[in-house]
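Asker: My questions will all concern the structure given below.
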Amino acid sequence: MAKKQLVVLISGYGSNLQAIIDACQAGDLPAQVVAVFSNRKSAYGLERARRHGIPAEYFPLKPYRNMGRSREEYDADLATRVAAYEPDLIVLAGWMHVLSSAFIHPFRGQIINLHPALPRTFPGTDAIRHAYEAFQRGEIRHTGCMVHYVVEEVDAGEPIAQAVVPIYPGDSLADLEARMHETEHQLLIQAIRRLVEGQEIS
Ligand code: GRF
């Protein structure tokens, strides 16, 4: 089977990007990361990509804002740059910028996002902390993570895969974060494998 081409969008540490690169290199995923984009210059994930010889582009929103250009223009230009790598699948792995339809429309059904909460719970930023606090208040008994298709509504697209992450009394927030990230690394690879091996993407 021909390897599927992945473009990964990040904003930070890039541990999930690393999990993808490792799985590709180990032959666990019939895919290769052909480019990484970050909207933050300091994102360590850019360094991870470069170390593996993967093109890594820093593409910030700020110059657009400074020139009075819109978010949609930024998204459209980002789409053009991403399209140049001819991706089969675009993976948002810790990408902290809400994409408008200027980006989503040309790739609809080909963009997936990893979110550290279960479907219909804690959308947006700080989901792990929100779940942790809800547990402390006795409102939930566990949390989880999901990989879902990206739509215009934040963290609301159709789920592709999900996993429960337990919360234990006595957990610190850092304990929960560590457990979450470990689960995410596995779930993301499972979800990508399902898509690249299946018929869902062209
Ligand atoms: C993950 O928890 C992801 O779910 C969230 O941001 C984090 C990214 O971690 N959206 P990393 O940059 O892959 O280490």
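Naming scheme: A, B, ... for chains in displayed order of the structure tokens; residues 1 onward per chain; ligands 1 onward as shown.
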Please write out the residues within 6 Å of ligand 1 as a list in words, counting only C-alpha atoms and all ligand atoms.

Answerer: Gly12, Tyr13, Gly14, Ser15, Asn16, Leu17, Ala93, Gly94, Leu114, His115, Pro116 and His181 of chain A

Asker: With DSSP run on the backbone, what are the alpha helix (DSSP H) residues within range 136-179 of chain A? I'd like them as a PyMOL selection string.

Answerer: chain A and resi 136+173-179

Asker: Which one is closest to Ala131 in chain A: A:Ala161, A:Gly198, A:Val7, A:Thr143? Count only C-alpha atoms.

Answerer: A:Thr143

Asker: CA of Arg51 in chain A and CA of His148 in chain A, how far apart in Å?

Answerer: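 These two atoms are separated by 28.4 Å.
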
Asker: Would you mind listing what lies within 10 Å of Gly124 in chain A as a PyMOL selection string, with only C-alpha atoms counted and same-chain residues fewer than 6 positions away left out?

Answerer: chain A and resi 96+98+115-117+154-156

Asker: I want to know what sits within 7 Å of Asn39 in chain A, based on only C-alpha atoms, with residues of the same chain fewer than 3 positions away left out; could you give that as a list in words?

Answerer: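 In the requested form, the answer reads Ser11, Tyr58, Phe59, Pro60 and Leu61 of chain A.
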
Asker: Just the number, please: distance in Å from CA of Glu72 in chain A to CA of His105 in chain A, one decimal.

Answerer: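 Going from CA of Glu72 in chain A over to CA of His105 in chain A, I get 11.5 Å.
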
Asker: With a distance cut-off of 7 Å and only C-alpha atoms, select the neighbouring residues of range 75-92 of chain A, excluding the residue or stretch itself and same-chain residues fewer than 3 positions from it, and output the selection as a PyMOL selection string.

Answerer: chain A and resi 4-10+34+71-72+95+99-100+102-103+110-114+201-202

Asker: Pull N, CA and C atoms from the residues just selected and write them as a PDB file, in the first residue's frame.

Answerer:
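File produced: result_7.pdb:
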```
ATOM      1  N   LYS A   4       0.431   7.043   2.917  1.00  0.00           N
ATOM      2  CA  LYS A   4      -0.380   8.271   2.897  1.00  0.00           C
ATOM      3  C   LYS A   4       0.447   9.430   3.433  1.00  0.00           C
ATOM      4  N   GLN A   5       0.163  10.588   2.903  1.00  0.00           N
ATOM      5  CA  GLN A   5       0.926  11.783   3.290  1.00  0.00           C
ATOM      6  C   GLN A   5       0.191  12.561   4.379  1.00  0.00           C
ATOM      7  N   LEU A   6       0.892  12.797   5.469  1.00  0.00           N
ATOM      8  CA  LEU A   6       0.303  13.522   6.595  1.00  0.00           C
ATOM      9  C   LEU A   6       0.949  14.899   6.716  1.00  0.00           C
ATOM     10  N   VAL A   7       0.121  15.912   6.919  1.00  0.00           N
ATOM     11  CA  VAL A   7       0.623  17.222   7.347  1.00  0.00           C
ATOM     12  C   VAL A   7       0.109  17.425   8.765  1.00  0.00           C
ATOM     13  N   VAL A   8       1.012  17.793   9.669  1.00  0.00           N
ATOM     14  CA  VAL A   8       0.645  17.930  11.081  1.00  0.00           C
ATOM     15  C   VAL A   8       0.762  19.401  11.489  1.00  0.00           C
ATOM     16  N   LEU A   9      -0.295  19.913  12.119  1.00  0.00           N
ATOM     17  CA  LEU A   9      -0.305  21.296  12.619  1.00  0.00           C
ATOM     18  C   LEU A   9      -0.160  21.262  14.132  1.00  0.00           C
ATOM     19  N   ILE A  10       0.778  22.033  14.638  1.00  0.00           N
ATOM     20  CA  ILE A  10       1.067  22.040  16.078  1.00  0.00           C
ATOM     21  C   ILE A  10       1.169  23.488  16.574  1.00  0.00           C
ATOM     22  N   VAL A  34       4.826  14.671   5.920  1.00  0.00           N
ATOM     23  CA  VAL A  34       5.513  15.391   4.838  1.00  0.00           C
ATOM     24  C   VAL A  34       5.756  16.853   5.183  1.00  0.00           C
ATOM     25  N   ARG A  71      -8.618  36.988   9.757  1.00  0.00           N
ATOM     26  CA  ARG A  71      -8.347  35.601  10.126  1.00  0.00           C
ATOM     27  C   ARG A  71      -8.606  34.662   8.944  1.00  0.00           C
ATOM     28  N   GLU A  72      -9.656  34.976   8.183  1.00  0.00           N
ATOM     29  CA  GLU A  72     -10.004  34.135   7.025  1.00  0.00           C
ATOM     30  C   GLU A  72      -8.893  34.184   5.970  1.00  0.00           C
ATOM     31  N   TRP A  95      -2.818  21.999  18.070  1.00  0.00           N
ATOM     32  CA  TRP A  95      -2.885  23.227  17.254  1.00  0.00           C
ATOM     33  C   TRP A  95      -3.858  24.181  17.933  1.00  0.00           C
ATOM     34  N   LEU A  99      -9.801  27.179  13.338  1.00  0.00           N
ATOM     35  CA  LEU A  99      -9.778  27.340  11.884  1.00  0.00           C
ATOM     36  C   LEU A  99     -11.173  27.668  11.353  1.00  0.00           C
ATOM     37  N   SER A 100     -11.233  28.591  10.440  1.00  0.00           N
ATOM     38  CA  SER A 100     -12.510  28.954   9.814  1.00  0.00           C
ATOM     39  C   SER A 100     -12.719  28.090   8.572  1.00  0.00           C
ATOM     40  N   ALA A 102     -12.487  28.946   5.681  1.00  0.00           N
ATOM     41  CA  ALA A 102     -11.479  29.259   4.648  1.00  0.00           C
ATOM     42  C   ALA A 102     -10.396  28.185   4.622  1.00  0.00           C
ATOM     43  N   PHE A 103     -10.131  27.568   5.746  1.00  0.00           N
ATOM     44  CA  PHE A 103      -9.193  26.445   5.765  1.00  0.00           C
ATOM     45  C   PHE A 103      -9.939  25.109   5.645  1.00  0.00           C
ATOM     46  N   GLN A 110     -10.901  15.645   5.601  1.00  0.00           N
ATOM     47  CA  GLN A 110      -9.484  15.236   5.608  1.00  0.00           C
ATOM     48  C   GLN A 110      -8.730  15.849   6.784  1.00  0.00           C
ATOM     49  N   ILE A 111      -9.445  16.547   7.672  1.00  0.00           N
ATOM     50  CA  ILE A 111      -8.780  17.206   8.810  1.00  0.00           C
ATOM     51  C   ILE A 111      -9.291  16.562  10.093  1.00  0.00           C
ATOM     52  N   ILE A 112      -8.358  16.130  10.930  1.00  0.00           N
ATOM     53  CA  ILE A 112      -8.758  15.558  12.213  1.00  0.00           C
ATOM     54  C   ILE A 112      -8.056  16.304  13.345  1.00  0.00           C
ATOM     55  N   ASN A 113      -8.693  16.279  14.511  1.00  0.00           N
ATOM     56  CA  ASN A 113      -8.160  16.984  15.683  1.00  0.00           C
ATOM     57  C   ASN A 113      -8.154  16.042  16.881  1.00  0.00           C
ATOM     58  N   LEU A 114      -7.111  16.192  17.670  1.00  0.00           N
ATOM     59  CA  LEU A 114      -7.018  15.468  18.934  1.00  0.00           C
ATOM     60  C   LEU A 114      -7.485  16.415  20.028  1.00  0.00           C
ATOM     61  N   ILE A 201     -10.534   8.316   3.678  1.00  0.00           N
ATOM     62  CA  ILE A 201      -9.887   9.440   3.004  1.00  0.00           C
ATOM     63  C   ILE A 201      -9.394   8.988   1.647  1.00  0.00           C
ATOM     64  N   SER A 202      -9.307   9.926   0.710  1.00  0.00           N
ATOM     65  CA  SER A 202      -8.908   9.514  -0.650  1.00  0.00           C
ATOM     66  C   SER A 202      -7.402   9.572  -0.789  1.00  0.00           C
TER      67      SER A 202
END
```
